[in-house]
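Structure data follow from protein04.pdb (PDB, C-alpha atoms):
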MODEL        1
ATOM      1  CA  MET P1117     124.177 109.255  71.948  1.00  0.00           C
ATOM      2  CA  LYS P1118     122.435 109.035  68.595  1.00  0.00           C
ATOM      3  CA  SER P1119     125.077 106.688  67.205  1.00  0.00           C
ATOM      4  CA  SER P1120     124.523 104.196  70.035  1.00  0.00           C
ATOM      5  CA  LEU P1121     120.782 104.043  69.221  1.00  0.00           C
ATOM      6  CA  LYS P1122     121.348 103.343  65.529  1.00  0.00           C
ATOM      7  CA  ALA P1123     123.431 100.195  66.011  1.00  0.00           C
ATOM      8  CA  PRO P1124     120.734  98.188  67.914  1.00  0.00           C
ATOM      9  CA  GLU P1125     118.076  99.463  65.497  1.00  0.00           C
ATOM     10  CA  LYS P1126     120.138  98.267  62.526  1.00  0.00           C
ATOM     11  CA  GLN P1127     120.687  94.895  64.185  1.00  0.00           C
ATOM     12  CA  THR P1128     116.920  94.568  64.789  1.00  0.00           C
ATOM     13  CA  LYS P1129     116.221  95.266  61.101  1.00  0.00           C
ATOM     14  CA  ASN P1130     118.816  92.660  60.076  1.00  0.00           C
ATOM     15  CA  ASN P1131     117.279  90.112  62.460  1.00  0.00           C
ATOM     16  CA  ARG P1132     113.803  90.898  61.143  1.00  0.00           C
ATOM     17  CA  PHE P1133     114.994  90.498  57.544  1.00  0.00           C
ATOM     18  CA  LEU P1134     116.627  87.173  58.389  1.00  0.00           C
ATOM     19  CA  VAL P1135     113.518  85.841  60.140  1.00  0.00           C
ATOM     20  CA  VAL P1136     111.216  86.954  57.317  1.00  0.00           C
ATOM     21  CA  SER P1137     113.544  85.466  54.682  1.00  0.00           C
ATOM     22  CA  LEU P1138     113.752  82.133  56.489  1.00  0.00           C
ATOM     23  CA  SER P1139     109.985  82.015  57.003  1.00  0.00           C
ATOM     24  CA  ILE P1140     109.426  82.656  53.286  1.00  0.00           C
ATOM     25  CA  ILE P1141     111.879  79.893  52.348  1.00  0.00           C
ATOM     26  CA  PHE P1142     110.249  77.552  54.872  1.00  0.00           C
ATOM     27  CA  THR P1143     106.749  78.320  53.588  1.00  0.00           C
ATOM     28  CA  LEU P1144     107.687  77.948  49.918  1.00  0.00           C
ATOM     29  CA  SER P1145     109.483  74.670  50.658  1.00  0.00           C
ATOM     30  CA  PHE P1146     106.420  73.295  52.411  1.00  0.00           C
ATOM     31  CA  LEU P1147     104.177  74.426  49.558  1.00  0.00           C
ATOM     32  CA  ALA P1148     106.456  72.844  46.946  1.00  0.00           C
ATOM     33  CA  MET P1149     106.632  69.545  48.874  1.00  0.00           C
ATOM     34  CA  GLY P1150     102.891  69.544  49.408  1.00  0.00           C
ATOM     35  CA  ILE P1151     101.920  70.460  45.845  1.00  0.00           C
ATOM     36  CA  GLY P1152     104.381  67.993  44.325  1.00  0.00           C
ATOM     37  CA  GLY P1153     103.330  65.180  46.639  1.00  0.00           C
ATOM     38  CA  VAL P1154      99.612  65.793  46.214  1.00  0.00           C
ATOM     39  CA  TYR P1155     100.050  65.902  42.426  1.00  0.00           C
ATOM     40  CA  TYR P1156     102.041  62.639  42.473  1.00  0.00           C
ATOM     41  CA  SER P1157      99.517  60.865  44.731  1.00  0.00           C
ATOM     42  CA  CYS P1158      96.486  62.096  42.793  1.00  0.00           C
ATOM     43  CA  SER P1159      98.030  61.108  39.441  1.00  0.00           C
ATOM     44  CA  LYS P1160      98.814  57.652  40.831  1.00  0.00           C
ATOM     45  CA  ILE P1161      95.256  57.218  42.179  1.00  0.00           C
ATOM     46  CA  TYR P1162      93.832  58.465  38.855  1.00  0.00           C
ATOM     47  CA  ARG P1163      96.028  55.991  36.922  1.00  0.00           C
ATOM     48  CA  HIS P1164      94.848  53.157  39.146  1.00  0.00           C
ATOM     49  CA  ILE P1165      91.181  54.125  38.763  1.00  0.00           C
ATOM     50  CA  ASP P1166      91.596  54.382  34.989  1.00  0.00           C
ATOM     51  CA  LEU P1167      93.306  50.987  34.639  1.00  0.00           C
ATOM     52  CA  VAL P1168      90.868  49.209  36.950  1.00  0.00           C
ATOM     53  CA  SER P1169      87.762  50.681  35.285  1.00  0.00           C
ATOM     54  CA  HIS P1170      88.882  50.689  31.621  1.00  0.00           C
ATOM     55  CA  GLY P1171      91.750  48.205  31.535  1.00  0.00           C
ATOM     56  CA  VAL P1172      91.902  44.463  31.100  1.00  0.00           C
ATOM     57  CA  LYS P1173      92.019  42.269  34.190  1.00  0.00           C
ATOM     58  CA  THR P1174      94.189  39.198  33.802  1.00  0.00           C
ATOM     59  CA  GLU P1175      95.831  36.545  35.898  1.00  0.00           C
ATOM     60  CA  ALA P1176      99.603  36.751  36.002  1.00  0.00           C
ATOM     61  CA  ARG P1177     102.461  34.809  37.531  1.00  0.00           C
ATOM     62  CA  ILE P1178     105.399  35.903  39.626  1.00  0.00           C
ATOM     63  CA  THR P1179     108.374  34.614  37.655  1.00  0.00           C
ATOM     64  CA  GLY P1180     111.164  35.969  39.820  1.00  0.00           C
ATOM     65  CA  TYR P1181     112.265  38.532  42.360  1.00  0.00           C
ATOM     66  CA  LYS P1182     114.613  41.467  42.225  1.00  0.00           C
ATOM     67  CA  GLU P1183     116.657  41.434  45.404  1.00  0.00           C
ATOM     68  CA  SER P1184     117.971  44.523  47.149  1.00  0.00           C
ATOM     69  CA  TRP P1185     119.208  45.372  50.604  1.00  0.00           C
ATOM     70  CA  SER P1186     117.780  47.823  53.113  1.00  0.00           C
ATOM     71  CA  LYS P1187     119.783  49.078  56.080  1.00  0.00           C
ATOM     72  CA  ASP P1188     118.216  49.917  59.419  1.00  0.00           C
ATOM     73  CA  SER P1189     119.340  53.470  60.226  1.00  0.00           C
ATOM     74  CA  ASP P1190     119.596  52.855  63.979  1.00  0.00           C
ATOM     75  CA  GLN P1191     121.649  49.686  63.756  1.00  0.00           C
ATOM     76  CA  ASP P1192     124.008  48.065  61.290  1.00  0.00           C
ATOM     77  CA  ILE P1193     121.439  45.445  60.314  1.00  0.00           C
ATOM     78  CA  TYR P1194     120.725  44.782  56.645  1.00  0.00           C
ATOM     79  CA  THR P1195     117.467  43.246  55.450  1.00  0.00           C
ATOM     80  CA  ARG P1196     116.975  41.567  52.095  1.00  0.00           C
ATOM     81  CA  ILE P1197     114.057  43.069  50.157  1.00  0.00           C
ATOM     82  CA  TYR P1198     112.223  41.114  47.449  1.00  0.00           C
ATOM     83  CA  SER P1199     110.398  42.964  44.648  1.00  0.00           C
ATOM     84  CA  PRO P1200     108.289  40.664  42.443  1.00  0.00           C
ATOM     85  CA  ILE P1201     108.840  40.377  38.713  1.00  0.00           C
ATOM     86  CA  ILE P1202     105.441  39.555  37.205  1.00  0.00           C
ATOM     87  CA  THR P1203     104.772  38.061  33.771  1.00  0.00           C
ATOM     88  CA  TYR P1204     101.362  38.502  32.144  1.00  0.00           C
ATOM     89  CA  TYR P1205      99.862  37.977  28.671  1.00  0.00           C
ATOM     90  CA  ASP P1206      97.603  40.160  26.521  1.00  0.00           C
ATOM     91  CA  SER P1207      94.715  38.877  24.372  1.00  0.00           C
ATOM     92  CA  SER P1208      97.077  37.993  21.488  1.00  0.00           C
ATOM     93  CA  ASN P1209      99.187  35.877  23.881  1.00  0.00           C
ATOM     94  CA  HIS P1210     102.134  38.290  23.832  1.00  0.00           C
ATOM     95  CA  SER P1211     104.010  38.278  27.153  1.00  0.00           C
ATOM     96  CA  TYR P1212     104.904  41.363  29.184  1.00  0.00           C
ATOM     97  CA  ILE P1213     106.945  41.847  32.319  1.00  0.00           C
ATOM     98  CA  LEU P1214     105.898  44.087  35.200  1.00  0.00           C
ATOM     99  CA  HIS P1215     108.499  45.074  37.788  1.00  0.00           C
ATOM    100  CA  ALA P1216     106.540  45.744  40.975  1.00  0.00           C
ATOM    101  CA  ASP P1217     107.128  49.136  42.575  1.00  0.00           C
ATOM    102  CA  TYR P1218     107.079  47.663  46.065  1.00  0.00           C
ATOM    103  CA  GLY P1219     109.083  45.145  48.011  1.00  0.00           C
ATOM    104  CA  SER P1220     108.982  43.207  51.246  1.00  0.00           C
ATOM    105  CA  SER P1221     111.288  41.154  53.412  1.00  0.00           C
ATOM    106  CA  SER P1222     109.523  37.946  52.390  1.00  0.00           C
ATOM    107  CA  LYS P1223     108.450  36.492  49.089  1.00  0.00           C
ATOM    108  CA  GLU P1224     104.786  36.355  48.103  1.00  0.00           C
ATOM    109  CA  TRP P1225     102.802  33.373  49.369  1.00  0.00           C
ATOM    110  CA  SER P1226     101.267  32.652  46.001  1.00  0.00           C
ATOM    111  CA  ASN P1227     102.801  32.874  42.535  1.00  0.00           C
ATOM    112  CA  ASP P1228      99.451  33.805  40.975  1.00  0.00           C
ATOM    113  CA  VAL P1229      98.491  37.490  41.063  1.00  0.00           C
ATOM    114  CA  THR P1230      96.015  39.746  39.281  1.00  0.00           C
ATOM    115  CA  VAL P1231      97.201  42.488  36.932  1.00  0.00           C
ATOM    116  CA  TYR P1232      95.312  45.288  35.181  1.00  0.00           C
ATOM    117  CA  PHE P1233      96.737  46.541  31.879  1.00  0.00           C
ATOM    118  CA  ASP P1234      95.783  49.150  29.303  1.00  0.00           C
ATOM    119  CA  LYS P1235      93.993  47.829  26.186  1.00  0.00           C
ATOM    120  CA  LYS P1236      95.877  50.202  23.869  1.00  0.00           C
ATOM    121  CA  ASP P1237      99.269  49.824  25.570  1.00  0.00           C
ATOM    122  CA  PRO P1238      99.530  46.442  27.305  1.00  0.00           C
ATOM    123  CA  SER P1239     102.952  47.333  28.730  1.00  0.00           C
ATOM    124  CA  ASN P1240     101.171  49.883  30.951  1.00  0.00           C
ATOM    125  CA  ALA P1241     100.088  47.688  33.867  1.00  0.00           C
ATOM    126  CA  ILE P1242      99.596  47.624  37.629  1.00  0.00           C
ATOM    127  CA  HIS P1243      99.575  44.851  40.210  1.00  0.00           C
ATOM    128  CA  SER P1244      96.187  44.331  41.822  1.00  0.00           C
ATOM    129  CA  GLY P1245      95.394  44.330  45.513  1.00  0.00           C
ATOM    130  CA  PHE P1246      93.817  46.784  47.917  1.00  0.00           C
ATOM    131  CA  TRP P1247      97.122  47.608  49.609  1.00  0.00           C
ATOM    132  CA  HIS P1248      98.964  48.525  46.393  1.00  0.00           C
ATOM    133  CA  LEU P1249      96.105  50.087  44.459  1.00  0.00           C
ATOM    134  CA  TRP P1250      94.295  52.164  47.050  1.00  0.00           C
ATOM    135  CA  PHE P1251      95.665  52.153  50.592  1.00  0.00           C
ATOM    136  CA  LEU P1252      99.272  53.283  50.060  1.00  0.00           C
ATOM    137  CA  PRO P1253      98.457  56.049  47.533  1.00  0.00           C
ATOM    138  CA  PHE P1254      95.777  57.354  49.914  1.00  0.00           C
ATOM    139  CA  VAL P1255      98.177  57.295  52.889  1.00  0.00           C
ATOM    140  CA  PHE P1256     100.805  59.200  50.882  1.00  0.00           C
ATOM    141  CA  LEU P1257      98.155  61.697  49.761  1.00  0.00           C
ATOM    142  CA  CYS P1258      97.266  62.366  53.404  1.00  0.00           C
ATOM    143  CA  LEU P1259     100.934  62.696  54.364  1.00  0.00           C
ATOM    144  CA  TYR P1260     101.625  65.182  51.554  1.00  0.00           C
ATOM    145  CA  MET P1261      98.568  67.219  52.545  1.00  0.00           C
ATOM    146  CA  THR P1262     100.261  68.101  55.857  1.00  0.00           C
ATOM    147  CA  PRO P1263     103.047  70.327  54.454  1.00  0.00           C
ATOM    148  CA  LEU P1264     100.613  71.774  51.902  1.00  0.00           C
ATOM    149  CA  LEU P1265      98.156  72.779  54.625  1.00  0.00           C
ATOM    150  CA  ILE P1266     100.933  74.199  56.834  1.00  0.00           C
ATOM    151  CA  GLY P1267     102.236  76.294  53.925  1.00  0.00           C
ATOM    152  CA  LEU P1268      98.742  77.524  53.045  1.00  0.00           C
ATOM    153  CA  PHE P1269      98.018  78.327  56.687  1.00  0.00           C
ATOM    154  CA  VAL P1270     101.170  80.469  56.959  1.00  0.00           C
ATOM    155  CA  ILE P1271     100.335  82.331  53.725  1.00  0.00           C
ATOM    156  CA  ILE P1272      96.734  82.970  54.797  1.00  0.00           C
ATOM    157  CA  TYR P1273      97.931  84.150  58.210  1.00  0.00           C
ATOM    158  CA  TYR P1274     100.461  86.492  56.579  1.00  0.00           C
ATOM    159  CA  ILE P1275      97.833  87.941  54.212  1.00  0.00           C
ATOM    160  CA  GLN P1276      95.436  88.522  57.123  1.00  0.00           C
ATOM    161  CA  THR P1277      98.131  90.335  59.094  1.00  0.00           C
ATOM    162  CA  LEU P1278      98.841  92.540  56.064  1.00  0.00           C
ATOM    163  CA  LYS P1279      95.120  93.367  55.757  1.00  0.00           C
ATOM    164  CA  ASN P1280      94.963  94.286  59.443  1.00  0.00           C
ATOM    165  CA  LYS P1281      98.212  96.271  59.050  1.00  0.00           C
ATOM    166  CA  LYS P1282      99.780  94.423  61.911  1.00  0.00           C
ATOM    167  CA  PRO P1283     103.410  93.433  61.613  1.00  0.00           C
ATOM    168  CA  PHE P1284     103.899  89.766  60.704  1.00  0.00           C
ATOM    169  CA  ILE P1285     106.997  89.389  62.861  1.00  0.00           C
ATOM    170  CA  THR P1286     107.825  91.887  65.574  1.00  0.00           C
TER     171      THR P1286
ENDMDL
END
Representation of the structure as structure tokens:
Amino acid sequence: MKSSLKAPEKQTKNNRFLVVSLSIIFTLSFLAMGIGGVYYSCSKIYRHIDLVSHGVKTEARITGYKESWSKDSDQDIYTRIYSPIITYYDSSNHSYILHADYGSSSKEWSNDVTVYFDKKDPSNAIHSGFWHLWFLPFVFLCLYMTPLLIGLFVIIYYIQTLKNKKPFIT
């Protein structure tokens, strides 16, 4: 009769180990996604703040578009995406090209845009506009905060259960 009791007990320990292992992997994955995303978003916002406050503001011109295709995952419909290629000049009238890091299904309405570039390194530039400078980086920051907060919540919960000497998973 003792041997029949050991088999379910061993299976319960294996199940517990599997659940704990998967929860640790899940938590660490969420923390890594959250930390990496928050770091990326904050560095992008910091770069934008630095270029807008210390950089040179100049008028630039869209000189072309890089075309790519985007496929709708639900249907077999392809959409042409246009990413602007922007040409701007520094104070010594040397031209630079900025490949925009965004795209849309239509071309810009105006060929004239505003660009901020670094005084020391004019090739370091960003396209102006509320949407590109502030809104999208802030939205991505908020989205990346979600997995970070979930991961932190699980770790804090686990630490509290260890302090109370209650089993984390029964």
>> Let me make sure I understand: among P:Arg1132, P:Lys1236, P:His1243, P:Lys1182, which one has the smallest atom-to-atom distance to Gly1219 in chain P if we use all atoms listed in the file?
In response: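 Ranked by minimum distance to Gly1219 in chain P, first place goes to P:Lys1182.
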> Residues at most 9 Å from Val1168 in chain P, counting only C-alpha atoms, excluding those fewer than 6 positions away in the same chain, as a list in words?
Replying inline: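 Skipping anything fewer than 6 positions along the chain leaves Tyr1232, Phe1233, Ile1242 and Ser1244 of chain P.
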> In Å, how far is it from CA of Ile1193 in chain P to CA of His1215 in chain P?
Replying inline: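 Between these atoms lies a distance of 26.0 Å.
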>> Quick check on the file I pasted: which residues fall under the PyMOL selection byres ((chain P and resi 1250) around 12)? Write them as a PyMOL selection string.
In response: chain P and resi 1157-1158+1160-1165+1168+1242-1249+1251-1257
> Pick from P:Gly1267, P:Val1231, P:Ile1272, P:Asn1280: nearest to Leu1147 in chain P, with all atoms listed in the file counted?
Replying inline: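 Distance minimum relative to Leu1147 in chain P lands on P:Gly1267.
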> Could you state the separation of CA of His1170 in chain P and CA of Ser1207 in chain P in Å, given to one decimal place?
Replying inline: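 So the two atoms, CA of His1170 in chain P and CA of Ser1207 in chain P, lie 15.0 Å apart.
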> Skipping near chain neighbours, those fewer than 4 positions away, what residues fall within 12 Å of Lys1235 in chain P using all atoms listed in the file, listed as a PyMOL selection string?
Replying inline: chain P and resi 1166-1174+1205-1208+1239-1241
> So how many Å separate CA of Thr1230 in chain P and CA of Ile1202 in chain P, to one decimal?
Replying inline: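 So the answer is 9.7 Å.
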> Can you find the residues with an atom no farther than 10 Å from (104.7, 34.3, 37.0), counting all atoms listed in the file, and report them as a PyMOL selection string?
Replying inline: chain P and resi 1175-1180+1200-1204+1213+1226-1229
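In terms of minimum interatomic distance to Glu1224 in chain P, P:Tyr1198 ranks closest within P:Tyr1198, P:Asn1209, P:Lys1281, P:Tyr1274, counting all atoms listed in the file.
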Would you place a box with edges along x, y and z of the file around all atoms of range 1221-1230 of chain P listed there, add 3 Å to each of its six sides, and report the centre and edge lengths in Å to one decimal, as JSON?
{"center_x": 103.7, "center_y": 36.9, "center_z": 46.3, "size_x": 21.3, "size_y": 14.5, "size_z": 20.1}
> Any idea what's packed within 12 Å of Ile1266 in chain P, counting all atoms listed in the file, ignoring anything in its chain fewer than 6 positions away? Could you give it as number ranges by chain?
Replying inline: P: 1139, 1142-1151, 1259-1260, 1272-1273
>> Given only C-alpha atoms as the basis, pick out the residue of P:Ser1211, P:Ile1141, P:Gly1153, P:Ser1220 nearest to Ser1186 in chain P.
In response: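 The closest residue to Ser1186 in chain P is P:Ser1220.
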Because the input lacks atoms here, generate N, CA and C atoms for range 1262-1275 of chain P and report them as a compact mmCIF listing (two decimals), in the frame of the given file.
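This went into part30.txt:
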# COMPACT_ATOMS: atom_id res chain seq x y z
N THR P 1262 99.79 67.41 54.66
CA THR P 1262 100.26 68.10 55.86
C THR P 1262 101.15 69.30 55.53
N PRO P 1263 102.25 69.14 54.75
CA PRO P 1263 103.05 70.33 54.45
C PRO P 1263 102.30 71.33 53.59
N LEU P 1264 101.40 70.85 52.72
CA LEU P 1264 100.61 71.77 51.90
C LEU P 1264 99.72 72.64 52.78
N LEU P 1265 99.04 72.03 53.74
CA LEU P 1265 98.16 72.78 54.62
C LEU P 1265 98.94 73.73 55.53
N ILE P 1266 100.11 73.31 56.01
CA ILE P 1266 100.93 74.20 56.83
C ILE P 1266 101.36 75.41 56.02
N GLY P 1267 101.83 75.18 54.79
CA GLY P 1267 102.24 76.29 53.92
C GLY P 1267 101.08 77.24 53.62
N LEU P 1268 99.91 76.68 53.31
CA LEU P 1268 98.74 77.52 53.04
C LEU P 1268 98.32 78.29 54.28
N PHE P 1269 98.38 77.65 55.45
CA PHE P 1269 98.02 78.33 56.69
C PHE P 1269 98.93 79.53 56.93
N VAL P 1270 100.23 79.37 56.73
CA VAL P 1270 101.17 80.47 56.96
C VAL P 1270 100.90 81.61 55.98
N ILE P 1271 100.62 81.28 54.72
CA ILE P 1271 100.34 82.33 53.72
C ILE P 1271 99.05 83.06 54.07
N ILE P 1272 98.01 82.33 54.43
CA ILE P 1272 96.73 82.97 54.80
C ILE P 1272 96.92 83.85 56.03
N TYR P 1273 97.66 83.37 57.01
CA TYR P 1273 97.93 84.15 58.21
C TYR P 1273 98.69 85.44 57.86
N TYR P 1274 99.67 85.32 56.99
CA TYR P 1274 100.46 86.49 56.58
C TYR P 1274 99.59 87.50 55.84
N ILE P 1275 98.72 87.03 54.95
CA ILE P 1275 97.83 87.94 54.21
C ILE P 1275 96.87 88.64 55.16
